[in-house]
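What follows is a set of notes on a single structure, which appears directly below.
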Amino acid sequence: MKFSKIGKHTIRCVITEQEIMDLGYTIEEIMSNGERTQEFMNRIFDMAEQNFETKFELGIKTVRADFMSDHTLTLTFSEHPGSDEMLEHLKDIVNGIMNSIPQQKWNGGSGGNQNGKKEETSVLVTIMFEELDVLIRYAKNISVSTLPPGMLYKDENRYMLILNLTDLEEEELAKLSNLTDEYASDLFVGAERKSYIEEHGNCILPENALEKLREL
């Protein structure tokens, strides 16, 4: 488990799946957004404050969880940012997605495995919205050359938009990330969250979710 501090109002924890289990939790519990999830987040945050021997002045306002390809979980705890800290908060949202993308995507490299076959870079994000009208406004305000393919699920009273951002250019990805930070209540990076939602949620739009939301 590794803690780091990002500026004055944000702390980050990188924890492995085994460390999560050692604390008495499962990945399924962490992804469920239930009582055990909140209990786990509170415990990690308490450990982070002990690690830095400090306490946030305003209390935690946002928590983002990114499931990375190496089976680690990155937790980012942030206070509600003031005007001076907003840019750092936005950068953190962008970096959370950028870090999930192999560098060769931007360097023009094709990537590949030991057999010489090209490996496809898949960038999956799950974006949570508390209200449908907010989600619709989000969809209508996206300005990219080609809308990323996606599906829409409902899990309890939350709307979960699953997008494949593989084909977005870096500049478009940054704009979409900033828009997501403005409208969404949470964001998760990685295939694990997608699989969980597909198993436990109710599918509303199985394909072309953004196009159909923009028509409403």
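Here, A, B, ... name the chains of the structure tokens in the order displayed, residue numbers run from 1 inside each chain, and ligands are numbered from 1 in the same displayed order.
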Quiz item: If we count only C-alpha atoms, what is near A:Phe188 at a cut-off of 6 Å, once residues fewer than 5 positions away on the same chain are taken out, given as a ChimeraX atom specification?
Solution: /A:65-66,125-126
Practice problem: Enumerate, as a list in words, the complete set of residues in stretch 152-206 of chain A that a backbone-based DSSP assignment places in alpha helix (DSSP H). | Solution: Glu170, Glu171, Glu172, Leu173, Ala174, Lys175, Leu176, Ser177, Asn178, Leu179, Thr180, Asp181, Glu182, Tyr183, Ala191, Glu192, Arg193, Lys194, Ser195, Tyr196, Ile197, Glu198, Glu199 and His200 of chain A
How would the residues just chosen look if you wrote them out with N, CA and C atoms as a compact mmCIF listing (two decimals), in the first residue's frame?
# COMPACT_ATOMS: atom_id res chain seq x y z
N GLU A 170 -5.75 12.47 -27.80
CA GLU A 170 -5.39 12.96 -26.47
C GLU A 170 -6.12 14.26 -26.12
N GLU A 171 -6.20 15.18 -27.08
CA GLU A 171 -6.85 16.47 -26.81
C GLU A 171 -8.34 16.28 -26.55
N GLU A 172 -8.98 15.40 -27.32
CA GLU A 172 -10.40 15.13 -27.13
C GLU A 172 -10.66 14.45 -25.80
N LEU A 173 -9.75 13.56 -25.42
CA LEU A 173 -9.88 12.87 -24.15
C LEU A 173 -9.79 13.84 -22.98
N ALA A 174 -8.92 14.81 -23.10
CA ALA A 174 -8.79 15.81 -22.04
C ALA A 174 -10.06 16.64 -21.91
N LYS A 175 -10.66 17.04 -23.06
CA LYS A 175 -11.89 17.82 -23.02
C LYS A 175 -13.04 17.00 -22.42
N LEU A 176 -13.12 15.73 -22.79
CA LEU A 176 -14.17 14.88 -22.26
C LEU A 176 -14.00 14.66 -20.76
N SER A 177 -12.76 14.54 -20.31
CA SER A 177 -12.49 14.35 -18.89
C SER A 177 -12.92 15.56 -18.08
N ASN A 178 -12.64 16.74 -18.59
CA ASN A 178 -13.04 17.96 -17.89
C ASN A 178 -14.55 18.09 -17.82
N LEU A 179 -15.23 17.73 -18.91
CA LEU A 179 -16.69 17.77 -18.93
C LEU A 179 -17.26 16.75 -17.94
N THR A 180 -16.63 15.60 -17.86
CA THR A 180 -17.05 14.56 -16.92
C THR A 180 -16.94 15.04 -15.49
N ASP A 181 -15.87 15.73 -15.18
CA ASP A 181 -15.68 16.26 -13.83
C ASP A 181 -16.77 17.25 -13.47
N GLU A 182 -17.30 17.96 -14.47
CA GLU A 182 -18.34 18.97 -14.23
C GLU A 182 -19.71 18.35 -13.97
N TYR A 183 -20.03 17.27 -14.69
CA TYR A 183 -21.38 16.73 -14.65
C TYR A 183 -21.53 15.44 -13.83
N ALA A 191 -11.77 -2.38 -16.82
CA ALA A 191 -12.76 -3.36 -17.25
C ALA A 191 -13.50 -4.00 -16.08
N GLU A 192 -12.88 -3.99 -14.89
CA GLU A 192 -13.51 -4.65 -13.74
C GLU A 192 -14.85 -4.01 -13.40
N ARG A 193 -14.89 -2.68 -13.37
CA ARG A 193 -16.13 -1.99 -13.06
C ARG A 193 -17.18 -2.27 -14.13
N LYS A 194 -16.78 -2.29 -15.39
CA LYS A 194 -17.70 -2.59 -16.49
C LYS A 194 -18.33 -3.97 -16.29
N SER A 195 -17.52 -4.95 -15.96
CA SER A 195 -18.03 -6.30 -15.77
C SER A 195 -19.01 -6.37 -14.60
N TYR A 196 -18.70 -5.63 -13.55
CA TYR A 196 -19.58 -5.64 -12.38
C TYR A 196 -20.94 -5.04 -12.72
N ILE A 197 -20.94 -3.90 -13.42
CA ILE A 197 -22.20 -3.25 -13.78
C ILE A 197 -23.00 -4.13 -14.73
N GLU A 198 -22.34 -4.77 -15.68
CA GLU A 198 -23.04 -5.64 -16.62
C GLU A 198 -23.73 -6.79 -15.90
N GLU A 199 -23.12 -7.24 -14.81
CA GLU A 199 -23.67 -8.37 -14.07
C GLU A 199 -24.80 -7.95 -13.14
N HIS A 200 -24.68 -6.76 -12.52
CA HIS A 200 -25.62 -6.37 -11.48
C HIS A 200 -26.62 -5.29 -11.89
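Considering only C-alpha atoms, the residue among A:Val123, A:Val134, A:Ile11, A:Gly24 positioned nearest to A:Gln50 is A:Ile11.
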Quiz prompt | Pairwise distance for atom CA of A:Phe52 and atom CA of A:Arg12, rounded to one decimal in Å | solution = 11.3 Å
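Distance-wise, atom CA of A:Ser78 and atom CA of A:Lys5 end up 10.2 Å apart.
Of the residues under consideration (A:Ala184, A:Ile162, A:Thr74, A:Arg43), A:Ala184 shows the shortest atom-to-atom contact distance to A:Leu132 when counting only C-alpha atoms.
The shortest atom-to-atom distance to A:Pro148, with only C-alpha atoms taken into account, belongs to A:Asn164 out of A:Gly201, A:Phe45, A:Asn164, A:Thr72.
In this structure, atom CA of A:Arg64 sits 27.2 Å away from atom CA of A:Lys212.
The smallest atom-to-atom distance between A:Gly34 and any of A:Ala209, A:Asp155, A:Arg137, A:Val144, using only C-alpha atoms, is found for A:Asp155.
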Practice problem: Extract the full set of strand (DSSP E or B) residues from stretch 134-163 of chain A according to DSSP on the backbone, and format it as a ChimeraX atom specification. | Solution: /A:150-155,158-163
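Using only C-alpha atoms, the protein and nucleic acid residues lying no more than 9 Å from A:Lys140, apart from those fewer than 2 places from it along its own chain, are A:Leu135, A:Ile136, A:Arg137, A:Tyr138, A:Ile142, A:Ser143, A:Leu210, A:Glu211, A:Leu213, A:Arg214, A:Glu215.
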Generate a file of the selected residues that holds all heavy atoms, formatted as an mmCIF file, in the first residue's frame.
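Result written to selection_19.cif:
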data_model
loop_
_atom_site.group_PDB
_atom_site.id
_atom_site.type_symbol
_atom_site.label_atom_id
_atom_site.label_comp_id
_atom_site.auth_asym_id
_atom_site.auth_seq_id
_atom_site.Cartn_x
_atom_site.Cartn_y
_atom_site.Cartn_z
ATOM 1 N N LEU A 135 -27.318 13.549 -16.965
ATOM 2 C CA LEU A 135 -26.661 12.696 -17.951
ATOM 3 C C LEU A 135 -26.971 13.163 -19.372
ATOM 4 O O LEU A 135 -26.079 13.209 -20.233
ATOM 5 C CB LEU A 135 -27.112 11.246 -17.753
ATOM 6 C CG LEU A 135 -26.740 10.237 -18.844
ATOM 7 C CD1 LEU A 135 -25.239 10.200 -19.056
ATOM 8 C CD2 LEU A 135 -27.263 8.847 -18.474
ATOM 9 N N ILE A 136 -28.222 13.526 -19.628
ATOM 10 C CA ILE A 136 -28.607 13.998 -20.964
ATOM 11 C C ILE A 136 -27.873 15.289 -21.317
ATOM 12 O O ILE A 136 -27.373 15.458 -22.440
ATOM 13 C CB ILE A 136 -30.127 14.194 -21.036
ATOM 14 C CG1 ILE A 136 -30.839 12.838 -20.928
ATOM 15 C CG2 ILE A 136 -30.521 14.897 -22.338
ATOM 16 C CD1 ILE A 136 -32.348 12.946 -20.814
ATOM 17 N N ARG A 137 -27.785 16.216 -20.362
ATOM 18 C CA ARG A 137 -27.050 17.466 -20.614
ATOM 19 C C ARG A 137 -25.574 17.169 -20.892
ATOM 20 O O ARG A 137 -24.953 17.809 -21.750
ATOM 21 C CB ARG A 137 -27.185 18.414 -19.416
ATOM 22 C CG ARG A 137 -28.583 18.990 -19.246
ATOM 23 C CD ARG A 137 -28.565 20.265 -18.414
ATOM 24 N NE ARG A 137 -27.958 20.074 -17.114
ATOM 25 C CZ ARG A 137 -28.619 19.675 -16.034
ATOM 26 N NH1 ARG A 137 -29.922 19.418 -16.111
ATOM 27 N NH2 ARG A 137 -28.019 19.535 -14.875
ATOM 28 N N TYR A 138 -25.024 16.229 -20.151
ATOM 29 C CA TYR A 138 -23.627 15.822 -20.361
ATOM 30 C C TYR A 138 -23.433 15.321 -21.793
ATOM 31 O O TYR A 138 -22.510 15.744 -22.492
ATOM 32 C CB TYR A 138 -23.283 14.729 -19.355
ATOM 33 C CG TYR A 138 -21.968 14.016 -19.604
ATOM 34 C CD1 TYR A 138 -20.762 14.588 -19.207
ATOM 35 C CD2 TYR A 138 -21.946 12.755 -20.203
ATOM 36 C CE1 TYR A 138 -19.555 13.924 -19.423
ATOM 37 C CE2 TYR A 138 -20.745 12.092 -20.412
ATOM 38 C CZ TYR A 138 -19.563 12.672 -20.025
ATOM 39 O OH TYR A 138 -18.365 12.018 -20.223
ATOM 40 N N ILE A 142 -21.001 17.096 -25.145
ATOM 41 C CA ILE A 142 -19.753 16.469 -25.595
ATOM 42 C C ILE A 142 -19.420 16.957 -26.999
ATOM 43 O O ILE A 142 -20.248 16.886 -27.910
ATOM 44 C CB ILE A 142 -19.875 14.932 -25.581
ATOM 45 C CG1 ILE A 142 -20.007 14.431 -24.145
ATOM 46 C CG2 ILE A 142 -18.660 14.287 -26.250
ATOM 47 C CD1 ILE A 142 -20.227 12.938 -24.029
ATOM 48 N N SER A 143 -18.214 17.453 -27.180
ATOM 49 C CA SER A 143 -17.781 17.941 -28.496
ATOM 50 C C SER A 143 -16.489 17.243 -28.909
ATOM 51 O O SER A 143 -15.389 17.713 -28.623
ATOM 52 C CB SER A 143 -17.574 19.458 -28.455
ATOM 53 O OG SER A 143 -16.608 19.810 -27.475
ATOM 54 N N LEU A 210 -24.558 7.416 -26.224
ATOM 55 C CA LEU A 210 -24.454 8.870 -26.312
ATOM 56 C C LEU A 210 -25.307 9.436 -27.433
ATOM 57 O O LEU A 210 -25.969 10.467 -27.267
ATOM 58 C CB LEU A 210 -22.989 9.270 -26.502
ATOM 59 C CG LEU A 210 -22.078 9.105 -25.285
ATOM 60 C CD1 LEU A 210 -20.646 9.457 -25.629
ATOM 61 C CD2 LEU A 210 -22.565 9.979 -24.126
ATOM 62 N N GLU A 211 -25.296 8.766 -28.593
ATOM 63 C CA GLU A 211 -26.107 9.244 -29.724
ATOM 64 C C GLU A 211 -27.591 9.279 -29.334
ATOM 65 O O GLU A 211 -28.299 10.245 -29.634
ATOM 66 C CB GLU A 211 -25.911 8.342 -30.937
ATOM 67 C CG GLU A 211 -24.566 8.479 -31.605
ATOM 68 C CD GLU A 211 -23.535 7.510 -31.054
ATOM 69 O OE1 GLU A 211 -23.709 7.075 -29.891
ATOM 70 O OE2 GLU A 211 -22.570 7.208 -31.780
ATOM 71 N N LEU A 213 -28.912 9.382 -26.286
ATOM 72 C CA LEU A 213 -29.169 10.363 -25.235
ATOM 73 C C LEU A 213 -29.250 11.770 -25.806
ATOM 74 O O LEU A 213 -30.047 12.594 -25.348
ATOM 75 C CB LEU A 213 -28.063 10.293 -24.180
ATOM 76 C CG LEU A 213 -28.098 9.083 -23.240
ATOM 77 C CD1 LEU A 213 -26.793 8.959 -22.477
ATOM 78 C CD2 LEU A 213 -29.278 9.177 -22.274
ATOM 79 N N ARG A 214 -28.464 12.050 -26.827
ATOM 80 C CA ARG A 214 -28.483 13.382 -27.433
ATOM 81 C C ARG A 214 -29.772 13.640 -28.206
ATOM 82 O O ARG A 214 -30.103 14.780 -28.508
ATOM 83 C CB ARG A 214 -27.266 13.518 -28.382
ATOM 84 C CG ARG A 214 -25.954 13.649 -27.637
ATOM 85 C CD ARG A 214 -24.773 13.293 -28.522
ATOM 86 N NE ARG A 214 -24.480 14.295 -29.511
ATOM 87 C CZ ARG A 214 -23.519 15.215 -29.412
ATOM 88 N NH1 ARG A 214 -22.784 15.265 -28.302
ATOM 89 N NH2 ARG A 214 -23.282 16.063 -30.369
ATOM 90 N N GLU A 215 -30.494 12.576 -28.549
ATOM 91 C CA GLU A 215 -31.747 12.718 -29.277
ATOM 92 C C GLU A 215 -32.935 13.001 -28.357
ATOM 93 O O GLU A 215 -34.016 13.356 -28.837
ATOM 94 C CB GLU A 215 -32.020 11.444 -30.092
ATOM 95 C CG GLU A 215 -30.998 11.193 -31.193
ATOM 96 C CD GLU A 215 -31.192 9.840 -31.859
ATOM 97 O OE1 GLU A 215 -32.079 9.077 -31.403
ATOM 98 O OE2 GLU A 215 -30.441 9.528 -32.802
#
